[in-house]
Amino acid sequence: MKKTFYSNGKLLITGEYLVLDGAKAFALPTKMGQNLIIEKGNNKEIIWKSYDADGSIWFEDTLLFSDISKEVQTKNESVKATLTTILHEAFKLNPNFILNSEGYTITTELSFPKSWGLGTSSTLINNIAQWLDIDAFTLLKNSFGGSGYDIACAQNDTPIVYHLEKGTPIVEKVSFNPDFTNDLYFVYLNKKQSSKSAIAAYDMNKKNNLPRTIALNDVITSEVLNATTIQSFAAALQKHEVQMSIVLETQTIKESLFPDFNGVIKSLGAWGGDFVMAIAIENPTDYFISKGYETIISYDEMILP
């Protein structure tokens with residue numbers, strides 16, 4: 001009896017880093033995501049195989065039920081160790097999948113390249129939570145950590161505004177279909193950023209006036225959502241980028257990589273890697289290719305309608 005579960009990928013448009021401290025974040029689920037396919041197995045073990053978008057296997061191993069059910073303290077950050085930790089936390093929330101089973105063959109299939117940073121971990125965690133009928137936000141918190149906005153994107157097919165209220169996830173579905181989506185592009189910076197290391201750097205750089213910074217972020221997020229022209233949308237995102245540059249004590253991505261770009265560039269998620277949003281009246285594909293960035297995806301190709 002084969003069971004298949006699916007979750008959406010994500011892009012964070014506003015509120016990066018600050019969402020960890022209660023700021024409102026505007027996020028978009030992507031058309032690309034990840035499948036989790038569960039089949040019966042045996043020997044009290046899981047034969048696990050993970051496929052990248054091109055059909056290549058990026059992870060393959062056997063996980064023993066005994067390793068999943070017991071607490072294993074490890075500094076090891078291998079894929080197997082991380083996966084075992086997630087499944088152990090899932091076991092604590094619903095042990096029946098181990099206690100009442102002979103084994104599993106499990107396959108994951110990404111429909112975006114793993115290196116893109118669209119949510120390999122969040123889609124996996126949400127899929128496991130669907131399979132085991134447990135709360136995905138709790139599973140994320142207990143295993144990987146993070147704000148949870150990516151879990152909210154995994155579960156929703158519309159744009160969302162997400163924030164934490166005393167640690168509780170609040171997800172608001174919003175409408176976002178302005179006339180100017182044809183002027184929005186997503187550009188991959190050819191390197192994946194580690195969420196964990198980026199968050200650690202943010203924690204080091206947080207300023208004392210965090211409440212004021214969050215309040216400003218929430219105003220800008222509202223401006224982004226309510227923008228009716230490309231000019232007002234671009235101005236709001238430009239303001240956001242400058243604000244985060246100050247908080248993170250880091251150059252904006254436009255200053256560091258694209259100073260001659262005719263338009264606005266907004267970092268998405270972890271600064272310095274993954275995707276940026278480019279806002280340009282004229283198609284900027286040739287510009288980015290000339291700079292060595294060949295993955296340029298239009299808004300309509302990337303984002304769920």
# chains A, B, ... in the order shown; residues from 1 in each chain; ligands from 1

$ residues_around --residues "Met244 in chain A" --least-positions-apart "2" --cutoff "9 Å" --atoms "only C-alpha atoms" --output "PyMOL selection string"
chain A and resi 15-18+213+239-242+246-250+252

$ residues_around --residues "range 81-88 of chain A" --least-positions-apart "2" --cutoff "12 Å" --atoms "only C-alpha atoms" --output "CSV table (one decimal) with N, CA, C and O atoms, in the first residue's frame"
chain,number,residue,atom,x,y,z
A,45,GLU,N,13.4,-1.7,9.8
A,45,GLU,CA,14.4,-0.7,9.3
A,45,GLU,C,13.7,0.1,8.2
A,45,GLU,O,12.6,-0.3,7.7
A,46,ILE,N,14.2,1.3,7.9
A,46,ILE,CA,13.7,2.1,6.8
A,46,ILE,C,14.8,2.2,5.7
A,46,ILE,O,16.0,2.6,6.0
A,48,TRP,N,15.9,4.2,2.8
A,48,TRP,CA,15.6,5.6,2.4
A,48,TRP,C,16.4,6.0,1.2
A,48,TRP,O,17.6,5.7,1.1
A,49,LYS,N,15.7,6.6,0.3
A,49,LYS,CA,16.3,7.1,-1.0
A,49,LYS,C,15.7,8.4,-1.3
A,49,LYS,O,14.5,8.6,-1.3
A,50,SER,N,16.6,9.4,-1.5
A,50,SER,CA,16.2,10.8,-1.9
A,50,SER,C,16.7,11.2,-3.2
A,50,SER,O,17.9,11.1,-3.5
A,59,PHE,N,20.8,11.1,-1.6
A,59,PHE,CA,21.0,10.5,-0.3
A,59,PHE,C,20.4,9.1,-0.4
A,59,PHE,O,19.3,8.9,-0.9
A,60,GLU,N,21.1,8.1,0.2
A,60,GLU,CA,20.6,6.8,0.2
A,60,GLU,C,21.2,6.1,1.4
A,60,GLU,O,22.4,6.1,1.6
A,61,ASP,N,20.4,5.5,2.3
A,61,ASP,CA,20.9,4.8,3.4
A,61,ASP,C,19.8,4.0,4.1
A,61,ASP,O,18.6,4.0,3.7
A,62,THR,N,20.2,3.2,5.1
A,62,THR,CA,19.2,2.4,5.8
A,62,THR,C,19.2,2.9,7.3
A,62,THR,O,20.3,3.0,7.9
A,63,LEU,N,18.0,3.1,7.8
A,63,LEU,CA,17.9,3.6,9.1
A,63,LEU,C,17.2,2.5,10.0
A,63,LEU,O,16.2,2.0,9.6
A,64,LEU,N,17.8,2.2,11.1
A,64,LEU,CA,17.3,1.2,11.9
A,64,LEU,C,16.2,1.7,12.9
A,64,LEU,O,16.4,2.8,13.4
A,65,PHE,N,15.1,1.0,13.1
A,65,PHE,CA,14.1,1.4,14.0
A,65,PHE,C,14.7,1.7,15.4
A,65,PHE,O,14.3,2.6,16.1
A,66,SER,N,15.7,0.9,15.8
A,66,SER,CA,16.3,1.0,17.1
A,66,SER,C,17.0,2.4,17.3
A,66,SER,O,17.0,2.9,18.3
A,67,ASP,N,17.6,2.9,16.2
A,67,ASP,CA,18.3,4.2,16.2
A,67,ASP,C,17.3,5.3,16.3
A,67,ASP,O,17.5,6.3,16.9
A,68,ILE,N,16.1,5.1,15.6
A,68,ILE,CA,15.1,6.2,15.6
A,68,ILE,C,14.4,6.3,17.0
A,68,ILE,O,14.1,7.4,17.5
A,69,SER,N,14.2,5.1,17.6
A,69,SER,CA,13.4,5.2,18.9
A,69,SER,C,14.3,5.6,20.1
A,69,SER,O,13.7,6.0,21.1
A,70,LYS,N,15.6,5.5,20.0
A,70,LYS,CA,16.4,5.9,21.2
A,70,LYS,C,17.0,7.3,20.9
A,70,LYS,O,17.3,7.7,19.8
A,71,GLU,N,17.3,8.0,22.0
A,71,GLU,CA,17.9,9.3,22.0
A,71,GLU,C,19.4,9.2,21.7
A,71,GLU,O,20.1,8.5,22.4
A,72,VAL,N,19.8,9.7,20.5
A,72,VAL,CA,21.3,9.6,20.2
A,72,VAL,C,21.8,11.0,20.2
A,72,VAL,O,21.4,11.8,19.3
A,73,GLN,N,22.7,11.3,21.1
A,73,GLN,CA,23.3,12.6,21.2
A,73,GLN,C,24.5,12.6,20.2
A,73,GLN,O,25.4,11.8,20.3
A,74,THR,N,24.5,13.5,19.2
A,74,THR,CA,25.6,13.5,18.2
A,74,THR,C,25.8,15.0,17.8
A,74,THR,O,24.9,15.7,17.6
A,75,LYS,N,27.1,15.3,17.6
A,75,LYS,CA,27.5,16.6,17.0
A,75,LYS,C,27.5,16.4,15.5
A,75,LYS,O,27.7,17.4,14.7
A,76,ASN,N,27.4,15.2,15.0
A,76,ASN,CA,27.4,14.9,13.6
A,76,ASN,C,26.3,15.5,12.9
A,76,ASN,O,25.1,15.4,13.2
A,77,GLU,N,26.6,16.3,11.8
A,77,GLU,CA,25.5,17.0,11.0
A,77,GLU,C,25.3,16.3,9.7
A,77,GLU,O,24.9,17.0,8.7
A,78,SER,N,25.6,15.0,9.6
A,78,SER,CA,25.4,14.3,8.3
A,78,SER,C,23.9,14.2,8.0
A,78,SER,O,23.1,14.4,8.9
A,79,VAL,N,23.6,14.0,6.8
A,79,VAL,CA,22.2,13.8,6.4
A,79,VAL,C,21.5,12.7,7.2
A,79,VAL,O,20.4,12.9,7.7
A,90,ALA,N,9.7,12.8,15.7
A,90,ALA,CA,8.4,12.3,15.3
A,90,ALA,C,7.9,11.1,16.1
A,90,ALA,O,6.8,11.0,16.4
A,91,PHE,N,8.9,10.2,16.4
A,91,PHE,CA,8.6,9.1,17.2
A,91,PHE,C,8.0,9.5,18.6
A,91,PHE,O,7.1,8.9,19.1
A,92,LYS,N,8.6,10.5,19.2
A,92,LYS,CA,8.2,11.0,20.5
A,92,LYS,C,6.7,11.6,20.4
A,92,LYS,O,6.0,11.5,21.4
A,93,LEU,N,6.4,12.1,19.2
A,93,LEU,CA,5.0,12.6,19.1
A,93,LEU,C,4.0,11.6,18.7
A,93,LEU,O,2.8,11.7,19.0
A,94,ASN,N,4.5,10.5,18.0
A,94,ASN,CA,3.6,9.4,17.6
A,94,ASN,C,4.4,8.2,17.4
A,94,ASN,O,4.9,7.9,16.2
A,95,PRO,N,4.6,7.4,18.4
A,95,PRO,CA,5.5,6.2,18.3
A,95,PRO,C,5.0,5.0,17.5
A,95,PRO,O,5.7,4.1,17.2
A,97,PHE,N,4.3,4.5,14.5
A,97,PHE,CA,4.9,4.2,13.1
A,97,PHE,C,6.1,3.3,13.3
A,97,PHE,O,6.5,2.6,12.3
A,98,ILE,N,6.7,3.3,14.5
A,98,ILE,CA,7.8,2.3,14.7
A,98,ILE,C,7.3,1.1,15.5
A,98,ILE,O,7.6,0.0,15.1
A,120,THR,N,14.1,22.2,1.2
A,120,THR,CA,14.3,20.7,1.2
A,120,THR,C,14.0,20.1,2.6
A,120,THR,O,13.3,19.1,2.7
A,121,SER,N,14.4,20.9,3.6
A,121,SER,CA,14.1,20.4,5.0
A,121,SER,C,12.6,20.6,5.4
A,121,SER,O,12.0,19.7,6.0
A,122,SER,N,12.1,21.8,5.1
A,122,SER,CA,10.8,22.1,5.6
A,122,SER,C,9.7,21.3,4.9
A,122,SER,O,8.7,20.8,5.5
A,124,LEU,N,10.2,18.3,3.8
A,124,LEU,CA,10.4,16.9,4.3
A,124,LEU,C,9.7,16.9,5.7
A,124,LEU,O,8.9,15.9,6.0
A,125,ILE,N,9.9,17.9,6.5
A,125,ILE,CA,9.3,17.8,7.9
A,125,ILE,C,7.8,17.9,7.8
A,125,ILE,O,7.1,17.2,8.5
A,126,ASN,N,7.3,18.7,6.9
A,126,ASN,CA,5.8,18.8,6.7
A,126,ASN,C,5.2,17.5,6.2
A,126,ASN,O,4.2,17.1,6.6
A,127,ASN,N,6.0,16.9,5.2
A,127,ASN,CA,5.5,15.6,4.7
A,127,ASN,C,5.5,14.5,5.8
A,127,ASN,O,4.5,13.7,5.8
A,128,ILE,N,6.5,14.5,6.6
A,128,ILE,CA,6.6,13.5,7.7
A,128,ILE,C,5.4,13.7,8.6
A,128,ILE,O,4.8,12.8,9.1
A,129,ALA,N,5.2,15.0,8.9
A,129,ALA,CA,4.1,15.3,9.9
A,129,ALA,C,2.7,14.9,9.3
A,129,ALA,O,1.8,14.4,10.0
A,131,TRP,N,2.2,12.4,7.1
A,131,TRP,CA,2.2,11.0,7.2
A,131,TRP,C,1.8,10.4,8.5
A,131,TRP,O,1.0,9.6,8.7
A,132,LEU,N,2.4,11.0,9.6
A,132,LEU,CA,2.3,10.5,10.9
A,132,LEU,C,1.2,11.2,11.7
A,132,LEU,O,0.9,10.9,12.9
A,134,ILE,N,0.9,14.3,12.9
A,134,ILE,CA,1.4,15.1,14.0
A,134,ILE,C,1.6,16.6,13.5
A,134,ILE,O,1.5,16.9,12.4
A,136,ALA,N,3.3,19.7,12.4
A,136,ALA,CA,4.5,20.0,11.7
A,136,ALA,C,5.3,21.1,12.4
A,136,ALA,O,6.6,21.1,12.4
A,138,THR,N,5.4,21.8,15.6
A,138,THR,CA,6.1,21.2,16.7
A,138,THR,C,7.3,20.3,16.3
A,138,THR,O,8.3,20.4,17.0
A,139,LEU,N,7.1,19.5,15.3
A,139,LEU,CA,8.2,18.7,14.8
A,139,LEU,C,9.4,19.6,14.3
A,139,LEU,O,10.5,19.2,14.6
A,140,LEU,N,9.1,20.7,13.7
A,140,LEU,CA,10.2,21.6,13.3
A,140,LEU,C,10.9,22.1,14.5
A,140,LEU,O,12.1,22.1,14.6
A,141,LYS,N,10.1,22.6,15.4
A,141,LYS,CA,10.7,23.2,16.6
A,141,LYS,C,11.6,22.3,17.4
A,141,LYS,O,12.6,22.6,17.9
A,142,ASN,N,11.1,21.0,17.5
A,142,ASN,CA,11.8,20.0,18.3
A,142,ASN,C,13.0,19.4,17.6
A,142,ASN,O,13.9,18.8,18.2
A,143,SER,N,13.1,19.6,16.3
A,143,SER,CA,14.2,19.0,15.5
A,143,SER,C,15.1,20.0,14.9
A,143,SER,O,16.3,20.1,15.3
A,144,PHE,N,14.7,20.8,14.0
A,144,PHE,CA,15.5,21.7,13.2
A,144,PHE,C,15.6,23.1,13.8
A,144,PHE,O,16.6,23.8,13.6
A,145,GLY,N,14.5,23.6,14.3
A,145,GLY,CA,14.4,24.9,14.8
A,145,GLY,C,14.1,25.9,13.6
A,145,GLY,O,13.9,25.4,12.5

$ closest_residue --among "A:Asn8, A:Gln243, A:Thr168, A:Gln251" --to "Gly119 in chain A" --atoms "only C-alpha atoms"
A:Asn8

$ select_by_dssp --residues "range 76-298 of chain A" --states "alpha helix (DSSP H)" --output "ChimeraX atom specification"
/A:79-93,96-99,120-132,136-143,149-155,195-205,210-226,230-248,253-257,285-290

$ select_by_dssp --residues "range 75-258 of chain A" --states "strand (DSSP E or B)" --output "list of chain:residue names"
A:Tyr104, A:Thr105, A:Ile106, A:Thr107, A:Thr108, A:Glu109, A:Leu110, A:Ile160, A:Val161, A:Tyr162, A:His163, A:Leu164, A:Glu165, A:Thr168, A:Pro169, A:Ile170, A:Val171, A:Glu172, A:Lys173, A:Leu184, A:Tyr185, A:Phe186, A:Val187, A:Tyr188

$ write_last_selection --atoms "N, CA, C and O atoms" --output "short mmCIF file (atom, residue, chain, number, x, y, z; two decimals), in the first residue's frame"
data_model
loop_
_atom_site.label_atom_id
_atom_site.label_comp_id
_atom_site.auth_asym_id
_atom_site.auth_seq_id
_atom_site.Cartn_x
_atom_site.Cartn_y
_atom_site.Cartn_z
N TYR A 104 9.86 0.04 6.49
CA TYR A 104 9.39 0.90 5.40
C TYR A 104 10.45 1.00 4.30
O TYR A 104 11.65 0.90 4.55
N THR A 105 9.95 1.25 3.10
CA THR A 105 10.79 1.78 2.02
C THR A 105 10.27 3.19 1.76
O THR A 105 9.08 3.37 1.47
N ILE A 106 11.14 4.17 1.92
CA ILE A 106 10.72 5.58 1.80
C ILE A 106 11.53 6.27 0.72
O ILE A 106 12.76 6.15 0.66
N THR A 107 10.81 6.99 -0.14
CA THR A 107 11.45 7.75 -1.22
C THR A 107 11.02 9.21 -1.13
O THR A 107 9.85 9.50 -0.87
N THR A 108 11.97 10.12 -1.32
CA THR A 108 11.62 11.54 -1.46
C THR A 108 12.01 12.00 -2.86
O THR A 108 13.02 11.55 -3.41
N GLU A 109 11.20 12.90 -3.41
CA GLU A 109 11.44 13.42 -4.77
C GLU A 109 11.29 14.93 -4.76
O GLU A 109 10.20 15.45 -4.50
N LEU A 110 12.37 15.64 -5.02
CA LEU A 110 12.33 17.10 -5.14
C LEU A 110 11.95 17.49 -6.56
O LEU A 110 12.42 16.86 -7.52
N ILE A 160 1.06 34.14 2.06
CA ILE A 160 0.73 34.23 3.49
C ILE A 160 1.50 35.37 4.16
O ILE A 160 2.57 35.78 3.70
N VAL A 161 0.91 35.87 5.25
CA VAL A 161 1.65 36.68 6.21
C VAL A 161 1.74 35.84 7.48
O VAL A 161 0.74 35.30 7.95
N TYR A 162 2.96 35.71 7.99
CA TYR A 162 3.22 34.77 9.08
C TYR A 162 3.92 35.50 10.22
O TYR A 162 4.82 36.32 9.99
N HIS A 163 3.50 35.22 11.44
CA HIS A 163 4.29 35.70 12.58
C HIS A 163 4.12 34.78 13.77
O HIS A 163 3.22 33.93 13.81
N LEU A 164 5.01 34.93 14.73
CA LEU A 164 4.96 34.16 15.97
C LEU A 164 4.40 35.05 17.07
O LEU A 164 4.88 36.17 17.27
N GLU A 165 3.38 34.57 17.75
CA GLU A 165 2.81 35.30 18.89
C GLU A 165 3.06 34.47 20.15
O GLU A 165 2.47 33.40 20.31
N THR A 168 3.70 30.99 19.28
CA THR A 168 2.66 30.27 18.53
C THR A 168 2.59 30.78 17.09
O THR A 168 2.49 31.99 16.87
N PRO A 169 2.62 29.89 16.10
CA PRO A 169 2.54 30.32 14.70
C PRO A 169 1.17 30.89 14.35
O PRO A 169 0.15 30.27 14.64
N ILE A 170 1.15 32.07 13.75
CA ILE A 170 -0.09 32.68 13.26
C ILE A 170 0.04 32.83 11.75
O ILE A 170 0.94 33.52 11.25
N VAL A 171 -0.83 32.15 11.01
CA VAL A 171 -0.77 32.14 9.55
C VAL A 171 -2.00 32.85 9.00
O VAL A 171 -3.14 32.47 9.30
N GLU A 172 -1.77 33.88 8.20
CA GLU A 172 -2.88 34.62 7.58
C GLU A 172 -2.75 34.50 6.05
O GLU A 172 -1.72 34.89 5.49
N LYS A 173 -3.75 33.91 5.43
CA LYS A 173 -3.74 33.85 3.96
C LYS A 173 -4.04 35.24 3.42
O LYS A 173 -4.95 35.91 3.92
N LEU A 184 8.72 41.01 -12.10
CA LEU A 184 9.41 40.39 -10.96
C LEU A 184 10.10 39.11 -11.42
O LEU A 184 9.51 38.27 -12.10
N TYR A 185 11.36 38.96 -11.01
CA TYR A 185 12.17 37.80 -11.40
C TYR A 185 12.91 37.27 -10.18
O TYR A 185 13.28 38.04 -9.28
N PHE A 186 13.15 35.98 -10.17
CA PHE A 186 13.93 35.36 -9.10
C PHE A 186 15.25 34.86 -9.69
O PHE A 186 15.26 34.15 -10.69
N VAL A 187 16.34 35.27 -9.06
CA VAL A 187 17.68 34.96 -9.57
C VAL A 187 18.43 34.15 -8.52
O VAL A 187 18.52 34.56 -7.35
N TYR A 188 18.96 33.00 -8.93
CA TYR A 188 19.71 32.14 -8.01
C TYR A 188 21.17 32.58 -7.97
O TYR A 188 21.80 32.78 -9.00
#

$ closest_residue --among "A:Asn262, A:Glu223, A:Ser175, A:Lys254" --to "Asp157 in chain A" --atoms "only C-alpha atoms"
A:Ser175

$ atom_distance --atom1 "CA of Ile151 in chain A" --atom2 "CA of Gly41 in chain A"
28.2 Å
